[in-house]
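So this one's model04.tsv, TSV, C-alpha atoms:
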chain	number	residue	atom	x	y	z
A	503	MET	CA	-19.93	-15.51	-3.74
A	504	LEU	CA	-16.68	-14.38	-5.35
A	505	GLU	CA	-17.10	-17.14	-7.93
A	506	HIS	CA	-20.70	-15.97	-8.48
A	507	PHE	CA	-19.51	-12.48	-9.41
A	508	ALA	CA	-16.87	-13.94	-11.74
A	509	GLU	CA	-19.41	-16.15	-13.48
A	510	GLU	CA	-21.92	-13.33	-13.92
A	511	LEU	CA	-19.20	-11.13	-15.38
A	512	ARG	CA	-18.11	-13.78	-17.88
A	513	LEU	CA	-21.70	-14.46	-18.92
A	514	ALA	CA	-22.53	-10.76	-19.33
A	515	ARG	CA	-19.39	-10.13	-21.34
A	516	ALA	CA	-20.06	-13.10	-23.63
A	517	ALA	CA	-23.71	-12.11	-24.10
A	518	ASN	CA	-22.58	-8.68	-25.23
A	519	GLY	CA	-19.91	-10.05	-27.55
A	520	MET	CA	-17.11	-8.26	-25.70
A	521	SER	CA	-13.51	-9.35	-25.25
A	522	GLN	CA	-11.75	-8.78	-21.93
A	523	ALA	CA	-9.79	-5.95	-23.52
A	524	THR	CA	-12.95	-4.28	-24.83
A	525	LEU	CA	-14.63	-4.60	-21.45
A	526	ALA	CA	-11.57	-3.23	-19.69
A	527	GLU	CA	-11.65	-0.16	-21.92
A	528	ALA	CA	-15.36	0.35	-21.28
A	529	LEU	CA	-14.82	0.07	-17.52
A	530	SER	CA	-11.66	2.23	-17.50
A	531	TYR	CA	-9.85	-0.57	-15.68
A	532	SER	CA	-6.88	-2.64	-16.79
A	533	GLY	CA	-7.30	-5.82	-18.79
A	534	ALA	CA	-5.21	-7.64	-16.20
A	535	LEU	CA	-7.69	-6.75	-13.48
A	536	VAL	CA	-10.69	-7.88	-15.53
A	537	ALA	CA	-8.96	-11.22	-16.13
A	538	LYS	CA	-8.24	-11.65	-12.41
A	539	VAL	CA	-11.81	-10.85	-11.43
A	540	GLU	CA	-13.12	-13.35	-13.97
A	541	THR	CA	-10.91	-16.08	-12.49
A	542	SER	CA	-11.75	-15.11	-8.89
A	543	GLU	CA	-8.16	-14.06	-8.20
A	544	ARG	CA	-9.21	-10.55	-7.18
A	545	ARG	CA	-12.22	-9.26	-5.35
A	546	PRO	CA	-14.04	-6.57	-7.33
A	547	SER	CA	-14.28	-3.12	-5.77
A	548	LEU	CA	-17.61	-1.36	-5.37
A	549	ASP	CA	-16.61	1.06	-8.11
A	550	PHE	CA	-15.77	-1.84	-10.43
A	551	ALA	CA	-19.18	-3.43	-9.76
A	552	ARG	CA	-21.05	-0.19	-10.38
A	553	ARG	CA	-19.24	0.29	-13.68
A	554	CYS	CA	-20.22	-3.25	-14.69
A	555	ASP	CA	-23.84	-2.42	-13.93
A	556	ALA	CA	-23.59	0.68	-16.11
A	557	VAL	CA	-21.88	-1.06	-19.04
A	558	PHE	CA	-24.26	-4.03	-19.03
A	559	ALA	CA	-27.38	-2.11	-17.90
A	560	ALA	CA	-27.63	-4.72	-15.14
A	561	ASP	CA	-29.89	-2.71	-12.81
A	562	GLY	CA	-27.56	-3.01	-9.80
A	563	ARG	CA	-26.99	-6.77	-10.01
A	564	PHE	CA	-23.19	-6.56	-9.85
A	565	GLU	CA	-23.26	-4.06	-7.00
A	566	ARG	CA	-25.54	-6.33	-4.95
A	567	ILE	CA	-23.21	-9.29	-5.45
A	568	GLN	CA	-20.17	-7.18	-4.60
A	569	ARG	CA	-21.75	-5.97	-1.35
A	570	ARG	CA	-22.45	-9.56	-0.33
A	571	ILE	CA	-18.82	-10.44	-1.05
A	572	SER	CA	-17.70	-7.62	1.22
A	573	ARG	CA	-20.00	-8.73	4.04
A	574	GLU	CA	-18.97	-12.37	3.80
A	575	ALA	CA	-15.23	-11.82	3.32
A	576	VAL	CA	-13.27	-13.82	5.87
A	577	VAL	CA	-9.82	-12.42	5.12
A	578	PRO	CA	-9.01	-9.20	7.04
A	579	TRP	CA	-8.73	-6.10	4.87
A	580	PHE	CA	-5.02	-5.74	5.26
A	581	ARG	CA	-4.22	-9.29	4.31
A	582	ASP	CA	-5.31	-8.56	0.74
A	583	TRP	CA	-2.72	-5.82	0.48
A	584	ALA	CA	-0.06	-7.89	2.24
A	585	GLY	CA	-0.54	-10.57	-0.41
A	586	ILE	CA	-0.15	-8.03	-3.20
A	587	GLU	CA	2.89	-6.58	-1.46
A	588	GLN	CA	4.63	-9.95	-1.50
A	589	GLU	CA	4.18	-10.31	-5.28
A	590	THR	CA	5.53	-6.94	-6.37
A	591	THR	CA	8.73	-6.08	-8.18
A	592	ALA	CA	8.77	-2.49	-6.91
A	593	LEU	CA	7.21	-0.51	-4.07
A	594	ARG	CA	7.10	3.28	-3.95
A	595	SER	CA	6.08	4.34	-0.45
A	596	PHE	CA	5.45	7.82	0.94
A	597	GLU	CA	4.87	8.51	4.64
A	598	PRO	CA	4.47	11.97	6.20
A	599	LEU	CA	3.36	10.63	9.60
A	600	CYS	CA	5.39	7.62	10.72
A	601	VAL	CA	8.07	5.19	9.57
A	602	PRO	CA	6.65	2.78	6.94
A	603	GLY	CA	5.73	-0.62	8.35
A	604	LEU	CA	8.30	-2.49	6.25
A	605	LEU	CA	11.06	-0.40	7.86
A	606	GLN	CA	9.88	-0.32	11.48
A	607	THR	CA	11.76	-1.82	14.41
A	608	GLU	CA	9.89	-3.99	16.88
A	609	GLY	CA	10.03	-1.28	19.55
A	610	TYR	CA	8.76	1.43	17.22
A	611	ALA	CA	5.92	-0.75	15.92
A	612	ARG	CA	4.85	-1.69	19.44
A	613	ALA	CA	4.93	1.95	20.57
A	614	LEU	CA	2.74	2.99	17.62
A	615	LEU	CA	0.17	0.30	18.31
A	616	THR	CA	-0.02	0.88	22.06
A	617	GLY	CA	0.01	4.69	21.87
A	618	GLY	CA	-3.71	5.17	21.41
A	619	GLY	CA	-4.86	2.45	23.79
A	620	LEU	CA	-7.17	1.03	21.10
A	621	PHE	CA	-5.80	-2.51	21.08
A	622	ALA	CA	-5.62	-5.19	23.76
A	623	GLU	CA	-2.14	-6.46	24.64
A	624	ASP	CA	-2.54	-9.71	22.71
A	625	GLU	CA	-3.78	-7.78	19.65
A	626	VAL	CA	-0.76	-5.50	19.80
A	627	GLU	CA	1.64	-8.44	19.96
A	628	GLN	CA	-0.10	-10.19	17.08
A	629	GLN	CA	0.08	-7.08	14.90
A	630	VAL	CA	3.73	-6.48	15.78
A	631	ALA	CA	4.61	-10.07	14.85
A	632	THR	CA	2.72	-9.77	11.56
A	633	ARG	CA	4.47	-6.50	10.73
A	634	LEU	CA	7.90	-8.00	11.38
A	635	ASP	CA	7.05	-11.08	9.30
A	636	ARG	CA	6.18	-8.86	6.34
A	637	GLN	CA	9.67	-7.40	6.41
A	638	GLY	CA	11.12	-10.72	5.28
A	639	LEU	CA	10.40	-9.72	1.68
A	640	LEU	CA	13.25	-7.17	1.87
A	641	THR	CA	15.90	-9.87	2.39
A	642	ARG	CA	14.49	-12.73	0.32
A	643	ASP	CA	15.90	-13.81	-3.02
A	644	ARG	CA	14.95	-11.24	-5.67
A	645	PRO	CA	13.33	-8.73	-3.29
A	646	PRO	CA	11.27	-5.84	-4.68
A	647	LEU	CA	12.91	-2.47	-5.21
A	648	LEU	CA	11.64	-0.42	-2.27
A	649	THR	CA	11.86	3.35	-2.48
A	650	ALA	CA	10.61	4.92	0.74
A	651	VAL	CA	10.20	8.67	1.01
A	652	ILE	CA	9.46	10.01	4.49
A	653	ASP	CA	8.92	13.49	5.87
A	654	GLU	CA	11.62	14.78	8.24
A	655	HIS	CA	8.91	15.38	10.85
A	656	VAL	CA	8.66	11.58	11.15
A	657	LEU	CA	12.24	11.54	12.47
A	658	ARG	CA	11.54	14.33	14.96
A	659	ARG	CA	8.30	12.98	16.44
A	660	SER	CA	8.85	10.96	19.59
A	661	VAL	CA	7.35	7.47	19.31
A	662	GLY	CA	8.20	5.30	22.30
A	663	GLY	CA	10.81	7.68	23.67
A	664	PRO	CA	14.42	8.58	22.81
A	665	GLU	CA	15.83	5.06	22.96
A	666	VAL	CA	13.19	3.69	20.59
A	667	MET	CA	13.65	6.60	18.20
A	668	ARG	CA	17.43	6.32	18.16
A	669	GLU	CA	17.21	2.59	17.43
A	670	GLN	CA	14.60	3.15	14.72
A	671	ILE	CA	16.55	5.82	12.88
A	672	GLN	CA	19.79	3.85	13.11
A	673	HIS	CA	17.84	0.91	11.67
A	674	LEU	CA	16.86	3.04	8.68
A	675	VAL	CA	20.51	3.94	8.11
A	676	LYS	CA	21.48	0.26	8.31
A	677	LEU	CA	18.80	-0.84	5.84
A	678	GLY	CA	19.57	1.96	3.42
A	679	SER	CA	23.28	1.19	3.56
A	680	ALA	CA	23.23	-2.61	3.56
A	681	LEU	CA	20.36	-3.49	1.24
A	682	PRO	CA	20.93	-2.37	-2.37
A	683	ARG	CA	17.22	-2.77	-3.16
A	684	VAL	CA	16.14	-0.37	-0.40
A	685	ARG	CA	16.29	3.36	-1.12
A	686	ILE	CA	15.35	5.86	1.58
A	687	GLN	CA	14.80	9.56	0.94
A	688	VAL	CA	13.77	12.33	3.31
A	689	VAL	CA	11.75	15.43	2.50
A	690	PRO	CA	13.41	18.11	4.68
A	691	ILE	CA	11.40	20.42	6.89
A	692	ALA	CA	12.71	23.31	4.78
A	693	ALA	CA	10.53	22.08	1.90
A	694	GLY	CA	7.56	23.76	3.60
A	695	ALA	CA	4.18	23.04	2.03
A	696	TYR	CA	4.25	20.34	-0.65
A	697	VAL	CA	1.80	17.90	-2.21
A	698	GLY	CA	2.81	15.04	0.12
A	699	LEU	CA	1.01	16.68	3.02
A	700	GLY	CA	-2.16	15.21	1.51
A	701	GLY	CA	-1.35	11.87	3.12
A	702	PRO	CA	0.52	8.56	2.83
A	703	PHE	CA	0.25	6.06	0.00
A	704	VAL	CA	2.09	3.20	-1.68
A	705	ILE	CA	2.41	2.43	-5.39
A	706	ALA	CA	3.09	-1.24	-6.08
A	707	THR	CA	4.26	-2.61	-9.42
A	708	SER	CA	3.33	-6.22	-10.18
A	709	ARG	CA	5.40	-8.73	-12.12
A	710	GLN	CA	3.15	-8.01	-15.09
A	711	GLY	CA	4.04	-4.32	-14.92
A	712	GLU	CA	0.66	-3.27	-13.52
A	713	ASP	CA	0.64	-0.45	-10.95
A	714	LEU	CA	-1.70	-0.41	-7.95
A	715	VAL	CA	-2.16	2.31	-5.36
A	716	TYR	CA	-2.73	1.48	-1.70
A	717	LEU	CA	-4.30	4.00	0.68
A	718	ALA	CA	-4.30	3.18	4.38
A	719	GLY	CA	-6.83	4.49	6.90
A	720	GLN	CA	-7.25	4.09	10.64
A	721	ARG	CA	-9.02	0.72	10.43
A	722	HIS	CA	-9.21	0.07	6.72
A	723	GLY	CA	-7.21	0.03	3.53
A	724	GLN	CA	-8.08	0.52	-0.11
A	725	VAL	CA	-6.37	-0.85	-3.20
A	726	ILE	CA	-7.05	1.21	-6.32
A	727	ASP	CA	-6.04	0.24	-9.85
A	728	ARG	CA	-8.11	2.58	-12.00
A	729	THR	CA	-5.79	3.75	-14.74
A	730	GLU	CA	-6.46	7.48	-14.42
A	731	TYR	CA	-6.18	7.48	-10.64
A	732	VAL	CA	-2.91	5.53	-10.73
A	733	ARG	CA	-1.54	7.98	-13.29
A	734	GLN	CA	-2.41	10.90	-11.05
A	735	MET	CA	-0.74	9.29	-8.05
A	736	VAL	CA	2.42	8.63	-10.04
A	737	GLU	CA	2.50	12.37	-10.74
A	738	VAL	CA	2.06	13.05	-7.02
A	739	TRP	CA	4.91	10.64	-6.30
A	740	GLU	CA	7.24	12.36	-8.75
A	741	SER	CA	6.40	15.74	-7.26
A	742	ILE	CA	7.19	14.48	-3.75
A	743	ARG	CA	10.49	12.95	-4.82
A	744	GLY	CA	11.40	16.27	-6.36
A	745	GLU	CA	11.29	17.79	-2.87
A	746	ALA	CA	13.32	14.99	-1.24
A	747	LEU	CA	17.02	14.76	-0.55
A	748	SER	CA	19.01	12.13	-2.44
A	749	HIS	CA	19.45	8.67	-0.93
A	750	ARG	CA	22.99	9.47	0.26
A	751	GLN	CA	22.04	12.90	1.61
A	752	SER	CA	19.10	11.30	3.39
A	753	LEU	CA	21.28	8.67	5.06
A	754	ASP	CA	23.59	11.42	6.29
A	755	LEU	CA	20.62	13.33	7.71
A	756	LEU	CA	19.28	10.18	9.36
A	757	ALA	CA	22.62	9.56	11.03
A	758	GLU	CA	22.68	13.14	12.32
A	759	VAL	CA	19.13	13.01	13.67
A	760	ALA	CA	19.76	9.65	15.38
A	761	GLU	CA	22.44	11.32	17.50
A	762	THR	CA	19.91	13.89	18.77
A	763	TRP	CA	17.83	11.15	20.38
A	764	ILE	CA	19.85	10.61	23.56
Target encoding structure tokens, full file:
Amino acid sequence: MLEHFAEELRLARAANGMSQATLAEALSYSGALVAKVETSERRPSLDFARRCDAVFAADGRFERIQRRISREAVVPWFRDWAGIEQETTALRSFEPLCVPGLLQTEGYARALLTGGGLFAEDEVEQQVATRLDRQGLLTRDRPPLLTAVIDEHVLRRSVGGPEVMREQIQHLVKLGSALPRVRIQVVPIAAGAYVGLGGPFVIATSRQGEDLVYLAGQRHGQVIDRTEYVRQMVEVWESIRGEALSHRQSLDLLAEVAETWI
């Protein structure tokens, strides 16, 4: 079905005498994304499909195909993002609620997943293992530049108890000190109200220089690459970083907070 969408898109574009660049402009999406959809490398979003219907006056044809793709997709929603994550050159992550998955310890991750009682024991262990496997990208050859900004409240909220929290925060200090491609910054409680309270997100930069935004929900995730939306989120990111302590100041704060968890 993914190939069906790609073929219909190529045929419609050719019938209208449009280049990929012209179509991308008409859709308000990047040319790189259009190319990937046409070669079945990326699944089209519902918004992308609806814009295709509008541009080609296709009477909902692209949306119908896209909805069938979504129903028949075998790969879990997060695996799409995990694949993108592994191919990036830079990740800009903001978290006001918990430690980002790429920086979590095993104990912290397990405590998060068991806290609500929503997952069976085997599901928890599978998700913990997957989360830890993802972290291998931080120590591989040519890892992405990861800049993680977290709210100080994350360091003060008990997840798994004092021992787990102490280990987790010390782990952040270790990563931020030992890995030159990992930068950790903390927005102090004194910042008060700031734009980051709107929720977590990640901006990923591909090897081609294309930025994508990832928004995570309770049981779903959404990758967005619309140019205007990405631009807005970059502005949000810059505003948040403006409230954060420097990397060195943040490591000092982390070390201090770790000692309070005894």
Would you pick out the contacts of Glu740 of chain A at 12 Å or less, using only C-alpha atoms, so that residues sharing its chain but fewer than 5 positions from it are not included, and give the list as a PDB file with C-alpha atoms, keeping the file's coordinate frame?
ATOM      1  CA  ARG A 594       7.100   3.280  -3.950  1.00  0.00           C
ATOM      2  CA  SER A 595       6.080   4.340  -0.450  1.00  0.00           C
ATOM      3  CA  PHE A 596       5.450   7.820   0.940  1.00  0.00           C
ATOM      4  CA  THR A 649      11.860   3.350  -2.480  1.00  0.00           C
ATOM      5  CA  VAL A 651      10.200   8.670   1.010  1.00  0.00           C
ATOM      6  CA  TYR A 696       4.250  20.340  -0.650  1.00  0.00           C
ATOM      7  CA  VAL A 697       1.800  17.900  -2.210  1.00  0.00           C
ATOM      8  CA  GLY A 698       2.810  15.040   0.120  1.00  0.00           C
ATOM      9  CA  ILE A 705       2.410   2.430  -5.390  1.00  0.00           C
ATOM     10  CA  ARG A 733      -1.540   7.980 -13.290  1.00  0.00           C
ATOM     11  CA  GLN A 734      -2.410  10.900 -11.050  1.00  0.00           C
ATOM     12  CA  MET A 735      -0.740   9.290  -8.050  1.00  0.00           C
ATOM     13  CA  GLU A 745      11.290  17.790  -2.870  1.00  0.00           C
ATOM     14  CA  ALA A 746      13.320  14.990  -1.240  1.00  0.00           C
TER      15      ALA A 746
END
Can you list, as a PyMOL selection string, every protein, DNA or RNA residue that comes within 8 Å of Leu634 of chain A when you count only C-alpha atoms, leaving out same-chain residues fewer than 2 positions away? chain A and resi 604+606-608+630-632+636-638
Contacts of His655 of chain A at 10 Å or less, counting only C-alpha atoms, minus same-chain residues fewer than 2 places along, as a VMD selection string? chain A and resid 598 to 600 652 to 653 657 to 660 688 to 691
Need the shell around Leu717 of chain A: protein/DNA/RNA residues with any atom at most 9 Å away, counting only C-alpha atoms. Skip same-chain ones fewer than 6 positions apart. Format as a VMD selection string? chain A and resid 701 to 704 723 to 726
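The coordinates place atom CA of Ile567 of chain A at 13.0 Å from atom CA of Val539 of chain A.
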Could you pull out every residue with an atom within 12 Å of (8.7, -2.4, 16.9), file coordinates, counting all atoms listed in the file, and send them as a ChimeraX atom specification? /A:601-616,626-635,637,661-662,665-667,669-670,673
Pairwise distance for atom CA of Phe550 of chain A and atom CA of Ala528 of chain A, rounded to one decimal in Å: 11.1 Å
